[in-house]
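Visitor: Got a file for you: upload-v1.cif, mmCIF, N, CA and C atoms.
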data_work
loop_
_atom_site.label_atom_id
_atom_site.label_comp_id
_atom_site.auth_asym_id
_atom_site.auth_seq_id
_atom_site.Cartn_x
_atom_site.Cartn_y
_atom_site.Cartn_z
N MET A 1217 91.45 95.69 81.41
CA MET A 1217 92.33 94.67 80.89
C MET A 1217 91.93 93.33 81.50
N ALA A 1218 91.96 92.29 80.71
CA ALA A 1218 91.58 90.96 81.18
C ALA A 1218 92.62 90.44 82.16
N ARG A 1219 92.16 89.56 83.02
CA ARG A 1219 93.06 88.95 83.99
C ARG A 1219 94.02 87.99 83.30
N ALA A 1220 95.12 87.69 83.96
CA ALA A 1220 96.10 86.75 83.42
C ALA A 1220 95.48 85.35 83.36
N ASN A 1221 95.89 84.59 82.37
CA ASN A 1221 95.39 83.23 82.19
C ASN A 1221 95.88 82.35 83.33
N LYS A 1222 94.96 81.79 84.08
CA LYS A 1222 95.30 80.96 85.24
C LYS A 1222 94.91 79.50 85.02
N PHE A 1223 94.49 79.15 83.83
CA PHE A 1223 93.98 77.81 83.57
C PHE A 1223 95.05 76.91 82.98
N THR A 1224 94.99 75.64 83.33
CA THR A 1224 95.97 74.68 82.84
C THR A 1224 95.38 73.71 81.82
N GLU A 1225 94.09 73.45 81.89
CA GLU A 1225 93.45 72.56 80.92
C GLU A 1225 93.36 73.26 79.56
N PRO A 1226 93.70 72.56 78.49
CA PRO A 1226 93.66 73.20 77.16
C PRO A 1226 92.32 73.81 76.80
N ILE A 1227 91.22 73.14 77.07
CA ILE A 1227 89.90 73.69 76.72
C ILE A 1227 89.58 74.93 77.56
N ASP A 1228 90.01 74.92 78.82
CA ASP A 1228 89.82 76.09 79.68
C ASP A 1228 90.61 77.27 79.16
N ARG A 1229 91.85 77.02 78.74
CA ARG A 1229 92.69 78.09 78.18
C ARG A 1229 92.07 78.64 76.90
N GLU A 1230 91.53 77.74 76.09
CA GLU A 1230 90.91 78.17 74.83
C GLU A 1230 89.68 79.05 75.10
N ILE A 1231 88.85 78.65 76.07
CA ILE A 1231 87.68 79.46 76.45
C ILE A 1231 88.14 80.81 76.97
N PHE A 1232 89.14 80.81 77.84
CA PHE A 1232 89.69 82.05 78.37
C PHE A 1232 90.12 82.98 77.25
N GLU A 1233 90.85 82.45 76.28
CA GLU A 1233 91.37 83.25 75.18
C GLU A 1233 90.26 83.79 74.28
N ILE A 1234 89.24 82.99 74.02
CA ILE A 1234 88.16 83.48 73.16
C ILE A 1234 87.33 84.53 73.89
N HIS A 1235 87.18 84.40 75.20
CA HIS A 1235 86.51 85.45 75.97
C HIS A 1235 87.31 86.75 75.88
N ARG A 1236 88.61 86.64 76.04
CA ARG A 1236 89.48 87.81 75.95
C ARG A 1236 89.38 88.45 74.57
N ARG A 1237 89.39 87.63 73.52
CA ARG A 1237 89.29 88.13 72.15
C ARG A 1237 87.94 88.79 71.90
N TYR A 1238 86.88 88.19 72.43
CA TYR A 1238 85.53 88.75 72.29
C TYR A 1238 85.48 90.16 72.86
N LEU A 1239 86.03 90.34 74.07
CA LEU A 1239 86.05 91.66 74.69
C LEU A 1239 86.85 92.65 73.85
N GLU A 1240 87.97 92.21 73.35
CA GLU A 1240 88.81 93.07 72.52
C GLU A 1240 88.06 93.54 71.27
N VAL A 1241 87.40 92.62 70.59
CA VAL A 1241 86.68 92.96 69.37
C VAL A 1241 85.50 93.89 69.68
N MET A 1242 84.74 93.55 70.71
CA MET A 1242 83.59 94.40 71.05
C MET A 1242 84.04 95.81 71.42
N GLU A 1243 85.06 95.93 72.24
CA GLU A 1243 85.50 97.24 72.70
C GLU A 1243 86.19 98.04 71.61
N ASP A 1244 87.01 97.40 70.81
CA ASP A 1244 87.84 98.12 69.84
C ASP A 1244 87.18 98.30 68.47
N GLN A 1245 86.25 97.42 68.10
CA GLN A 1245 85.73 97.46 66.74
C GLN A 1245 84.22 97.64 66.64
N ARG A 1246 83.46 97.02 67.50
CA ARG A 1246 82.01 96.99 67.30
C ARG A 1246 81.22 97.99 68.10
N LEU A 1247 81.57 98.19 69.35
CA LEU A 1247 80.73 98.98 70.25
C LEU A 1247 80.41 100.36 69.70
N GLY A 1248 81.37 101.01 69.08
CA GLY A 1248 81.15 102.33 68.54
C GLY A 1248 80.28 102.37 67.30
N THR A 1249 80.00 101.22 66.71
CA THR A 1249 79.24 101.16 65.47
C THR A 1249 77.79 100.71 65.67
N ILE A 1250 77.43 100.37 66.89
CA ILE A 1250 76.11 99.81 67.17
C ILE A 1250 75.15 100.93 67.59
N SER A 1251 73.91 100.84 67.12
CA SER A 1251 72.91 101.85 67.48
C SER A 1251 72.58 101.76 68.98
N VAL A 1252 72.07 102.85 69.50
CA VAL A 1252 71.71 102.89 70.92
C VAL A 1252 70.65 101.83 71.22
N GLU A 1253 69.67 101.68 70.35
CA GLU A 1253 68.62 100.69 70.56
C GLU A 1253 69.20 99.28 70.63
N THR A 1254 70.11 98.96 69.74
CA THR A 1254 70.74 97.64 69.74
C THR A 1254 71.58 97.45 70.99
N LYS A 1255 72.28 98.51 71.40
CA LYS A 1255 73.08 98.43 72.63
C LYS A 1255 72.19 98.13 73.84
N GLU A 1256 71.02 98.74 73.88
CA GLU A 1256 70.11 98.50 75.01
C GLU A 1256 69.66 97.05 75.04
N HIS A 1257 69.32 96.50 73.88
CA HIS A 1257 68.93 95.08 73.81
C HIS A 1257 70.09 94.18 74.21
N TYR A 1258 71.25 94.47 73.66
CA TYR A 1258 72.45 93.68 73.95
C TYR A 1258 72.76 93.71 75.44
N LEU A 1259 72.70 94.89 76.03
CA LEU A 1259 72.98 95.04 77.45
C LEU A 1259 72.00 94.23 78.29
N ARG A 1260 70.73 94.26 77.91
CA ARG A 1260 69.72 93.50 78.66
C ARG A 1260 70.04 92.00 78.63
N VAL A 1261 70.36 91.49 77.47
CA VAL A 1261 70.67 90.05 77.35
C VAL A 1261 71.97 89.72 78.08
N LEU A 1262 72.98 90.55 77.91
CA LEU A 1262 74.27 90.31 78.55
C LEU A 1262 74.16 90.37 80.07
N ARG A 1263 73.39 91.33 80.57
CA ARG A 1263 73.20 91.45 82.01
C ARG A 1263 72.48 90.22 82.56
N SER A 1264 71.44 89.78 81.86
CA SER A 1264 70.69 88.60 82.29
C SER A 1264 71.57 87.36 82.30
N LEU A 1265 72.34 87.19 81.24
CA LEU A 1265 73.24 86.03 81.17
C LEU A 1265 74.24 86.05 82.31
N THR A 1266 74.83 87.18 82.56
CA THR A 1266 75.83 87.30 83.63
C THR A 1266 75.23 87.00 85.00
N GLU A 1267 74.04 87.52 85.25
CA GLU A 1267 73.38 87.26 86.53
C GLU A 1267 73.07 85.78 86.70
N LYS A 1268 72.65 85.13 85.63
CA LYS A 1268 72.34 83.71 85.70
C LYS A 1268 73.61 82.88 85.90
N LEU A 1269 74.69 83.25 85.20
CA LEU A 1269 75.95 82.53 85.34
C LEU A 1269 76.52 82.65 86.75
N ALA A 1270 76.19 83.74 87.45
CA ALA A 1270 76.70 83.96 88.79
C ALA A 1270 76.05 83.05 89.83
N LEU A 1271 75.01 82.33 89.44
CA LEU A 1271 74.35 81.40 90.36
C LEU A 1271 74.96 80.01 90.15
N PRO A 1272 75.90 79.60 91.01
CA PRO A 1272 76.61 78.34 90.79
C PRO A 1272 75.71 77.10 90.79
N SER A 1273 74.57 77.17 91.44
CA SER A 1273 73.69 76.01 91.51
C SER A 1273 72.82 75.85 90.26
N LYS A 1274 72.79 76.88 89.40
CA LYS A 1274 71.94 76.83 88.22
C LYS A 1274 72.68 76.12 87.09
N PRO A 1275 72.11 75.03 86.55
CA PRO A 1275 72.78 74.29 85.47
C PRO A 1275 72.90 75.14 84.20
N LEU A 1276 74.01 74.96 83.52
CA LEU A 1276 74.25 75.71 82.29
C LEU A 1276 73.16 75.46 81.25
N SER A 1277 72.67 74.25 81.18
CA SER A 1277 71.60 73.95 80.21
C SER A 1277 70.35 74.78 80.50
N GLU A 1278 70.03 74.97 81.77
CA GLU A 1278 68.88 75.80 82.15
C GLU A 1278 69.12 77.27 81.80
N ILE A 1279 70.33 77.73 82.04
CA ILE A 1279 70.69 79.11 81.71
C ILE A 1279 70.55 79.34 80.22
N LEU A 1280 71.08 78.43 79.43
CA LEU A 1280 71.01 78.58 77.98
C LEU A 1280 69.57 78.61 77.48
N GLY A 1281 68.73 77.75 78.03
CA GLY A 1281 67.32 77.75 77.64
C GLY A 1281 66.65 79.07 77.95
N GLU A 1282 66.91 79.60 79.13
CA GLU A 1282 66.31 80.88 79.52
C GLU A 1282 66.82 82.02 78.65
N ILE A 1283 68.11 82.03 78.38
CA ILE A 1283 68.69 83.10 77.56
C ILE A 1283 68.17 83.02 76.13
N MET A 1284 68.02 81.83 75.60
CA MET A 1284 67.47 81.68 74.25
C MET A 1284 66.06 82.24 74.19
N THR A 1285 65.27 81.97 75.22
CA THR A 1285 63.91 82.48 75.27
C THR A 1285 63.90 84.01 75.34
N GLU A 1286 64.78 84.57 76.14
CA GLU A 1286 64.85 86.02 76.29
C GLU A 1286 65.41 86.70 75.03
N ALA A 1287 66.40 86.08 74.41
CA ALA A 1287 67.09 86.71 73.28
C ALA A 1287 66.39 86.48 71.95
N ALA A 1288 65.60 85.44 71.83
CA ALA A 1288 64.98 85.11 70.54
C ALA A 1288 64.20 86.27 69.92
N PRO A 1289 63.32 86.94 70.66
CA PRO A 1289 62.59 88.06 70.04
C PRO A 1289 63.53 89.17 69.54
N ILE A 1290 64.59 89.43 70.28
CA ILE A 1290 65.54 90.46 69.90
C ILE A 1290 66.27 90.05 68.63
N LEU A 1291 66.67 88.79 68.57
CA LEU A 1291 67.37 88.30 67.38
C LEU A 1291 66.47 88.32 66.15
N PHE A 1292 65.25 87.88 66.30
CA PHE A 1292 64.33 87.89 65.16
C PHE A 1292 64.06 89.32 64.68
N GLN A 1293 63.92 90.23 65.62
CA GLN A 1293 63.71 91.63 65.25
C GLN A 1293 64.91 92.18 64.49
N ALA A 1294 66.10 91.85 64.94
CA ALA A 1294 67.31 92.33 64.28
C ALA A 1294 67.44 91.74 62.88
N MET A 1295 66.98 90.53 62.68
CA MET A 1295 67.06 89.88 61.37
C MET A 1295 66.09 90.51 60.38
N GLN A 1296 65.06 91.17 60.86
CA GLN A 1296 64.07 91.79 59.98
C GLN A 1296 64.56 93.11 59.40
N ARG A 1297 65.62 93.64 59.88
CA ARG A 1297 66.13 94.94 59.43
C ARG A 1297 66.90 94.82 58.16
#
For this file, produce the structure as structure tokens.

Guide:
Amino acid sequence: MARANKFTEPIDREIFEIHRRYLEVMEDQRLGTISVETKEHYLRVLRSLTEKLALPSKPLSEILGEIMTEAAPILFQAMQR
């Protein structure tokens, strides 16, 4: 279960809520419908993103660039199906 909303800024609350909704949709609707191969790719990208976000000194713009580079081949492959 997601943590209680502790944010006071409207944009922070909105981000919190969309993260919560994302988890709900993935867990309740999508995860059971995804192939094992796709899950492995998704997990790799998600793990990398999470590890990068955990480094407070790393700028978000740098993280996004790295994730785009890592995820692009996976996305293009998925689009070919």

Visitor: Residues of chain A classed as alpha helix (DSSP H) by DSSP on the backbone are to be reported as a ChimeraX atom specification.

Guide: /A:1226-1241,1252-1269,1276-1295

Visitor: I want to know what sits within 8 Å of region 1244-1257 of chain A, based on only N, CA and C atoms, with residues of the same chain fewer than 6 positions away left out; could you give that as a list of chain:residue names?

Guide: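 Here the qualifying residues turn out to be A:Tyr1238, A:Arg1263, A:Ile1290.
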
Visitor: Kindly give the distance, in Å, that separates atom N of Glu1267 (chain A) and atom C of Glu1282 (chain A), rounded to a single decimal.

Guide: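 One can read the atom N of Glu1267 (chain A) to atom C of Glu1282 (chain A) distance as 11.2 Å.
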
Visitor: Applying 12 Å and only C-alpha atoms, which residues near Ala1288 (chain A) remain after dropping the ones on its own chain fewer than 6 positions away? List them as number ranges by chain.

Guide: A: 1257-1258, 1261, 1280-1282, 1294-1295

Visitor: Figure out the distance between atom N of Glu1240 (chain A) and CA of Phe1292 (chain A), please, to one decimal in Å.

Guide: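 Answer for the CA of Phe1292 (chain A) to atom N of Glu1240 (chain A) separation: 25.4 Å.
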
Visitor: Find the residue from A:Gln1296, A:His1235, A:Ser1277, A:Ile1283 that sits nearest to Leu1265 (chain A); use all atoms listed in the file when measuring.

Guide: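 Closest residue, counting all atoms listed in the file: A:Ile1283.
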
Visitor: Could you jot down the atom N of Glu1243 (chain A) to atom N of Leu1262 (chain A) separation for me, Å, one decimal place?

Guide: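 The value is 14.4 Å.
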
Visitor: Which of these residues is nearest to Arg1260 (chain A), using only N, CA and C atoms: A:Glu1286, A:Pro1275, A:Pro1226, A:Ile1234?

Guide: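 Of all the options, A:Glu1286 lies closest to Arg1260 (chain A).
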